[in-house]
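This is model11.tsv. It holds TSV, C-alpha atoms.
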chain	number	residue	atom	x	y	z
A	876	ASP	CA	-9.70	29.38	20.36
A	877	VAL	CA	-11.65	26.54	18.87
A	878	LYS	CA	-11.71	23.56	21.14
A	879	VAL	CA	-12.50	20.04	20.01
A	880	THR	CA	-12.40	17.36	22.67
A	881	GLN	CA	-12.59	13.60	22.40
A	882	SER	CA	-13.77	11.36	25.19
A	883	SER	CA	-10.69	9.15	25.47
A	884	ARG	CA	-7.04	9.38	24.43
A	885	TYR	CA	-6.51	5.62	24.62
A	886	LEU	CA	-9.03	2.81	24.44
A	887	VAL	CA	-8.63	-0.97	24.42
A	888	LYS	CA	-11.61	-3.10	23.39
A	889	ARG	CA	-12.22	-6.72	22.55
A	890	THR	CA	-13.33	-8.07	19.19
A	891	GLY	CA	-17.10	-7.95	18.88
A	892	GLU	CA	-17.64	-5.20	21.44
A	893	LYS	CA	-19.71	-2.14	20.62
A	894	VAL	CA	-17.53	0.96	20.87
A	895	PHE	CA	-18.58	4.59	21.23
A	896	LEU	CA	-16.21	7.45	20.49
A	897	GLU	CA	-17.46	10.89	21.50
A	898	CYS	CA	-16.45	14.27	20.13
A	899	VAL	CA	-17.53	17.70	21.35
A	900	GLN	CA	-16.77	21.11	19.87
A	901	ASP	CA	-17.42	24.43	21.56
A	902	MET	CA	-17.47	26.85	18.61
A	903	ASP	CA	-20.93	26.33	17.19
A	904	HIS	CA	-19.49	24.75	14.03
A	905	GLU	CA	-21.92	23.37	11.49
A	906	ASN	CA	-19.74	20.56	10.18
A	907	MET	CA	-18.18	17.71	12.05
A	908	PHE	CA	-16.00	14.87	10.75
A	909	TRP	CA	-14.59	11.54	11.81
A	910	TYR	CA	-11.31	10.29	10.33
A	911	ARG	CA	-9.01	7.40	10.96
A	912	GLN	CA	-5.29	7.75	10.49
A	913	ASP	CA	-3.04	4.82	9.69
A	914	PRO	CA	0.68	4.82	8.84
A	915	GLY	CA	1.28	5.28	5.13
A	916	LEU	CA	-2.42	5.84	4.41
A	917	GLY	CA	-2.90	9.28	5.93
A	918	LEU	CA	-6.26	10.50	7.16
A	919	ARG	CA	-9.30	8.81	5.66
A	920	LEU	CA	-12.79	10.19	6.08
A	921	ILE	CA	-15.27	7.82	7.72
A	922	TYR	CA	-18.37	10.01	8.07
A	923	PHE	CA	-19.22	13.66	8.29
A	924	SER	CA	-22.21	15.70	9.35
A	925	TYR	CA	-23.21	19.13	8.05
A	926	ASP	CA	-26.13	19.66	10.42
A	927	VAL	CA	-27.85	18.12	13.41
A	928	LYS	CA	-29.23	14.69	12.52
A	929	MET	CA	-27.67	14.94	9.04
A	930	LYS	CA	-24.81	12.69	8.04
A	931	GLU	CA	-22.98	11.56	4.94
A	932	LYS	CA	-20.70	8.65	4.29
A	933	GLY	CA	-17.07	9.33	3.73
A	934	ASP	CA	-14.63	7.07	1.94
A	935	ILE	CA	-14.54	4.18	4.43
A	936	PRO	CA	-17.91	3.98	6.28
A	937	GLU	CA	-18.13	0.19	6.43
A	938	GLY	CA	-18.29	-1.10	9.98
A	939	TYR	CA	-19.06	2.35	11.41
A	940	SER	CA	-22.10	4.46	12.15
A	941	VAL	CA	-22.50	7.96	13.57
A	942	SER	CA	-24.93	10.01	15.58
A	943	ARG	CA	-25.41	13.75	15.84
A	944	GLU	CA	-28.30	14.60	18.13
A	945	LYS	CA	-26.88	17.98	19.20
A	946	LYS	CA	-24.88	20.47	17.19
A	947	GLU	CA	-21.83	20.31	19.41
A	948	ARG	CA	-21.58	16.52	19.69
A	949	PHE	CA	-20.73	13.90	17.07
A	950	SER	CA	-20.39	10.25	18.01
A	951	LEU	CA	-18.70	7.46	16.10
A	952	ILE	CA	-19.99	3.95	16.76
A	953	LEU	CA	-18.25	0.70	15.96
A	954	GLU	CA	-21.13	-1.78	16.01
A	955	SER	CA	-18.92	-4.84	16.40
A	956	ALA	CA	-15.26	-3.97	16.77
A	957	SER	CA	-12.74	-5.89	14.72
A	958	THR	CA	-8.96	-5.98	14.84
A	959	ASN	CA	-8.69	-4.10	11.52
A	960	GLN	CA	-10.36	-1.15	13.22
A	961	THR	CA	-7.33	-0.67	15.42
A	962	SER	CA	-6.28	2.87	14.54
A	963	MET	CA	-6.02	6.51	15.58
A	964	TYR	CA	-9.44	8.17	15.33
A	965	LEU	CA	-9.58	11.92	14.84
A	966	CYS	CA	-12.61	14.15	15.09
A	967	ALA	CA	-12.72	17.57	13.42
A	968	SER	CA	-15.13	20.46	12.97
A	969	SER	CA	-15.47	23.42	10.62
A	970	TRP	CA	-17.69	26.49	10.29
A	971	GLY	CA	-19.61	25.31	7.26
A	972	THR	CA	-21.21	28.52	6.07
A	973	SER	CA	-19.50	29.70	2.88
A	974	GLY	CA	-16.09	30.67	1.64
A	975	VAL	CA	-12.69	29.10	2.07
A	976	SER	CA	-12.76	29.44	5.84
A	977	SER	CA	-15.74	27.14	6.02
A	978	TYR	CA	-13.48	24.28	4.98
A	979	GLU	CA	-10.80	24.94	7.59
A	980	GLN	CA	-10.96	22.06	10.00
A	981	TYR	CA	-10.03	21.98	13.67
A	982	PHE	CA	-9.07	18.66	15.14
A	983	GLY	CA	-9.42	16.99	18.48
A	984	PRO	CA	-6.41	15.25	20.09
A	985	GLY	CA	-7.41	11.83	18.78
A	986	THR	CA	-8.33	8.49	20.31
A	987	ARG	CA	-5.95	5.61	19.84
A	988	LEU	CA	-8.16	2.53	19.72
A	989	THR	CA	-6.74	-0.96	20.04
A	990	VAL	CA	-9.02	-3.91	19.33
A	991	THR	CA	-7.70	-7.23	20.60
B	447	ARG	CA	-3.89	7.07	-8.79
B	448	LYS	CA	-4.49	8.73	-5.42
B	449	GLU	CA	-6.66	11.85	-5.39
B	450	VAL	CA	-3.98	13.79	-3.52
B	451	GLU	CA	-0.34	12.80	-3.78
B	452	GLN	CA	2.65	14.01	-1.84
B	453	ASP	CA	6.29	13.01	-1.73
B	454	PRO	CA	6.50	11.21	1.63
B	455	GLY	CA	10.11	12.30	2.16
B	456	PRO	CA	11.67	12.48	4.61
B	457	PHE	CA	13.31	15.76	3.80
B	458	ASN	CA	16.40	16.29	5.93
B	459	VAL	CA	17.59	19.90	5.87
B	460	PRO	CA	19.93	22.04	7.98
B	461	GLU	CA	18.69	25.00	9.94
B	462	GLY	CA	18.39	28.07	7.77
B	463	ALA	CA	17.72	26.12	4.58
B	464	THR	CA	14.87	26.71	2.19
B	465	VAL	CA	12.72	23.69	1.47
B	466	ALA	CA	9.76	23.20	-0.86
B	467	PHE	CA	7.03	20.58	-0.96
B	468	ASN	CA	4.70	19.86	-3.83
B	469	CYS	CA	1.33	18.19	-3.83
B	470	THR	CA	-0.70	17.11	-6.85
B	471	TYR	CA	-4.45	16.59	-6.97
B	472	SER	CA	-6.53	14.77	-9.55
B	473	ASN	CA	-9.98	16.37	-9.27
B	474	SER	CA	-10.02	19.46	-11.46
B	475	ALA	CA	-13.24	20.61	-9.75
B	476	SER	CA	-11.45	21.05	-6.41
B	477	GLN	CA	-12.01	24.52	-5.02
B	478	SER	CA	-10.18	24.85	-1.73
B	479	PHE	CA	-6.66	23.94	-0.75
B	480	PHE	CA	-4.80	23.90	2.53
B	481	TRP	CA	-1.58	22.96	4.22
B	482	TYR	CA	-1.78	21.39	7.66
B	483	ARG	CA	1.05	20.58	10.00
B	484	GLN	CA	1.11	17.50	12.22
B	485	ASP	CA	3.66	17.05	14.97
B	486	CYS	CA	4.56	13.57	16.17
B	487	ARG	CA	1.66	12.02	18.11
B	488	LYS	CA	-0.40	15.19	17.82
B	489	GLU	CA	-3.46	16.20	15.84
B	490	PRO	CA	-3.16	18.05	12.52
B	491	LYS	CA	-3.34	21.82	12.75
B	492	LEU	CA	-4.11	24.27	9.98
B	493	LEU	CA	-0.94	25.96	8.75
B	494	MET	CA	-2.41	28.03	5.96
B	495	SER	CA	-5.06	28.14	3.28
B	496	VAL	CA	-3.86	28.37	-0.31
B	497	TYR	CA	-5.39	31.10	-2.43
B	498	SER	CA	-5.39	31.36	-6.20
B	499	SER	CA	-3.04	34.32	-6.15
B	500	GLY	CA	-0.66	32.64	-3.75
B	501	ASN	CA	-0.16	33.75	-0.19
B	502	GLU	CA	2.56	34.26	2.33
B	503	ASP	CA	2.65	34.01	6.10
B	504	GLY	CA	6.03	34.92	7.53
B	505	ARG	CA	8.53	32.31	6.37
B	506	PHE	CA	5.87	30.23	4.65
B	507	THR	CA	4.63	30.73	1.09
B	508	ALA	CA	1.88	28.71	-0.56
B	509	GLN	CA	1.20	28.61	-4.29
B	510	LEU	CA	-1.56	27.11	-6.38
B	511	ASN	CA	-1.19	26.05	-10.01
B	512	ARG	CA	-4.64	25.08	-11.29
B	513	ALA	CA	-3.45	24.32	-14.82
B	514	SER	CA	-1.04	21.66	-13.59
B	515	GLN	CA	-3.18	20.77	-10.57
B	516	TYR	CA	-0.62	21.16	-7.87
B	517	ILE	CA	-0.01	23.24	-4.80
B	518	SER	CA	3.30	23.99	-3.16
B	519	LEU	CA	4.62	25.05	0.21
B	520	LEU	CA	7.91	26.90	0.56
B	521	ILE	CA	9.58	27.26	3.94
B	522	ARG	CA	12.40	29.76	4.17
B	523	ASP	CA	15.03	29.96	6.91
B	524	SER	CA	14.02	26.60	8.39
B	525	LYS	CA	13.92	26.28	12.17
B	526	LEU	CA	14.30	23.18	14.31
B	527	SER	CA	10.68	23.70	15.34
B	528	ASP	CA	9.55	23.29	11.72
B	529	SER	CA	10.25	19.55	12.00
B	530	ALA	CA	6.88	17.93	11.44
B	531	THR	CA	4.74	16.22	8.83
B	532	TYR	CA	3.10	18.57	6.35
B	533	LEU	CA	-0.27	17.49	5.00
B	534	CYS	CA	-1.72	18.72	1.75
B	535	VAL	CA	-5.51	19.00	1.86
B	536	VAL	CA	-7.92	19.45	-1.03
B	537	ASN	CA	-11.68	19.66	-0.95
B	538	ARG	CA	-13.79	17.69	-3.40
B	539	GLY	CA	-15.27	20.52	-5.39
B	540	GLY	CA	-18.63	21.78	-4.26
B	541	GLY	CA	-18.87	20.01	-0.95
B	542	PHE	CA	-17.39	19.72	2.49
B	543	LYS	CA	-15.53	16.49	1.89
B	544	THR	CA	-11.82	17.03	2.11
B	545	ILE	CA	-9.06	14.72	1.01
B	546	PHE	CA	-5.81	14.57	2.92
B	547	GLY	CA	-2.52	13.63	1.37
B	548	ALA	CA	-0.43	11.10	3.27
B	549	GLY	CA	2.00	13.84	4.29
B	550	THR	CA	5.62	14.85	3.79
B	551	ARG	CA	7.97	14.39	6.71
B	552	LEU	CA	10.46	17.20	7.38
B	553	PHE	CA	13.45	17.00	9.70
B	554	VAL	CA	15.37	20.19	10.36
B	555	LYS	CA	18.77	19.58	11.93
B	556	ALA	CA	21.11	21.91	13.80

Represent the structure contained in this file as structure tokens.
Amino acid sequence: DVKVTQSSRYLVKRTGEKVFLECVQDMDHENMFWYRQDPGLGLRLIYFSYDVKMKEKGDIPEGYSVSREKKERFSLILESASTNQTSMYLCASSWGTSGVSSYEQYFGPGTRLTVT
Amino acid sequence: RKEVEQDPGPFNVPEGATVAFNCTYSNSASQSFFWYRQDCRKEPKLLMSVYSSGNEDGRFTAQLNRASQYISLLIRDSKLSDSATYLCVVNRGGGFKTIFGAGTRLFVKA
């Protein structure tokens, strides 16, 4: 079974703090993704990475950065947390070779971040 | 217009009923399509991929209509355990970016 783990289930931070969210996958997947999920808006892609040290912006990258130094680990960084970044953050990974299966994503349990 | 649109529901159905969800997408270059299921306070999990010829997995049938740009999910003989939010997912043709619909909520009642 694919396993995607995230460093925290719940996190409370103050406005202006730098926040690190960590994600690790154990299936040697090429692609990794960070989403946020908000009621009524669904999942929105923040950033994704298709290889070590490679990254691409998703639909809502403002206020976020990412790091992928090792294949199995993908970090999301909030440089200066703001209250509008309060959300559920979900990490996912996929094979990323070719064919339909390369797009099938496996998700971690999520981190519920509250910024006060 | 959203890239992927779903009826948010909720759909309230009795056990044993057949229920169908539709999802429309706007990018005609989209290549890959999926249905995910998300239980309350849990992460999304892949339910099934949607192939051009349609595919079936037990009580679940997925169809793709490229001409009208929609995909559908049919659930037969609904179970209480089918209660969840069903997410339609479409990739932006040619890349790994995927777009999630906002989901359709299903409640199956005894």

- Query: Got a sec: who's within 7 Å of A:Thr961, counting all atoms listed in the file, leaving out chain neighbours fewer than 6 positions off, as a list of chain:residue names?
  - Reply: A:Leu988, A:Thr989, A:Val990

Residues of chain A at most 12 Å from stretch 448-471 of chain B: nearest atom pair and distance in Å, only C-alpha atoms, as CSV:
residue,atom,partner,partner_atom,distance
A:Pro914,CA,B:Pro454,CA,11.3
A:Gly915,CA,B:Pro454,CA,8.6
A:Leu916,CA,B:Lys448,CA,10.5
A:Gly917,CA,B:Pro454,CA,10.5
A:Leu918,CA,B:Val450,CA,11.4
A:Arg919,CA,B:Val450,CA,11.7
A:Asp934,CA,B:Glu449,CA,11.8

Q: Return the neighbours of chain B among the residues of chain A, cut-off 10 Å, counting only C-alpha atoms, as a PyMOL selection string.
A: chain A and resi 906-908+912-920+922-925+931-934+963+965-967+969+971+974-985

What lies within 6 Å of stretch 882-886 of chain A using only C-alpha atoms, ignoring chain neighbours under 4 positions off, as a CSV table (one decimal) with C-alpha atoms, in the coordinates of the input?
chain,number,residue,atom,x,y,z
A,897,GLU,CA,-17.5,10.9,21.5
A,986,THR,CA,-8.3,8.5,20.3
A,987,ARG,CA,-6.0,5.6,19.8
A,988,LEU,CA,-8.2,2.5,19.7

I want to know what sits within 8 Å of B:Ser529, based on only C-alpha atoms, with residues of the same chain fewer than 4 positions away left out; could you give that as JSON, numbers by chain?
{"B": [485, 525, 551, 552, 553, 554]}

Here atom CA of A:Leu951 and atom CA of A:Gly891 stand apart by 15.7 Å

- Query: Pick from B:Arg522, B:Lys555, B:Arg505, B:Arg447: nearest to B:Ser472, with only C-alpha atoms counted?
  - Reply: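 Answer, going by the shortest atom-to-atom distance: B:Arg447.
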
Atom-to-atom span, atom CA of A:Lys945 and atom CA of A:Met902, Å: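 Answer for the atom CA of A:Lys945 to atom CA of A:Met902 separation: 12.9 Å.
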
One-decimal distance in Å that lies between atom CA of A:Gln960 and atom CA of A:Lys893: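 We find that atom CA of A:Lys893 and atom CA of A:Gln960 lie 12.0 Å from each other.
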
Can you tell me, as a PDB file with C-alpha atoms, keeping the file's coordinate frame, what residues are no more than 6 Å from A:Val927 when counting all atoms listed in the file, ignoring any on the same chain fewer than 3 positions away?
ATOM      1  CA  ARG A 943     -25.410  13.750  15.840  1.00  0.00           C
ATOM      2  CA  GLU A 944     -28.300  14.600  18.130  1.00  0.00           C
ATOM      3  CA  LYS A 945     -26.880  17.980  19.200  1.00  0.00           C
ATOM      4  CA  LYS A 946     -24.880  20.470  17.190  1.00  0.00           C
TER       5      LYS A 946
END

Nearest to A:Tyr910 by atom-to-atom distance, counting all atoms listed in the file, from A:Lys878, A:Leu896, A:Met929, A:Thr991: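 Looking at the shortest contact to A:Tyr910, the residue is A:Leu896.
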
Please identify all polymer residues lying at most 7 Å from the point (4.4, 25.0, 2.0) (file coordinates), using all atoms listed in the file, and present the result as an NGL selection string. :B and (466-467 or 481 or 506-508 or 518-521)

Quick one: of A:Asp876, A:Val894, A:Lys928, A:Val887, who's nearest to A:Ala956, counting all atoms listed in the file?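 Checking each of A:Asp876, A:Val894, A:Lys928, A:Val887 against A:Ala956, counting all atoms listed in the file, the winner is A:Val894.
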
Please provide the set of residues having any atom within 10 Å of B:Ser474, restricted to all atoms listed in the file, with same-chain residues fewer than 3 positions apart removed, written as a ChimeraX atom specification.
/B:471,477,512-515,538-539
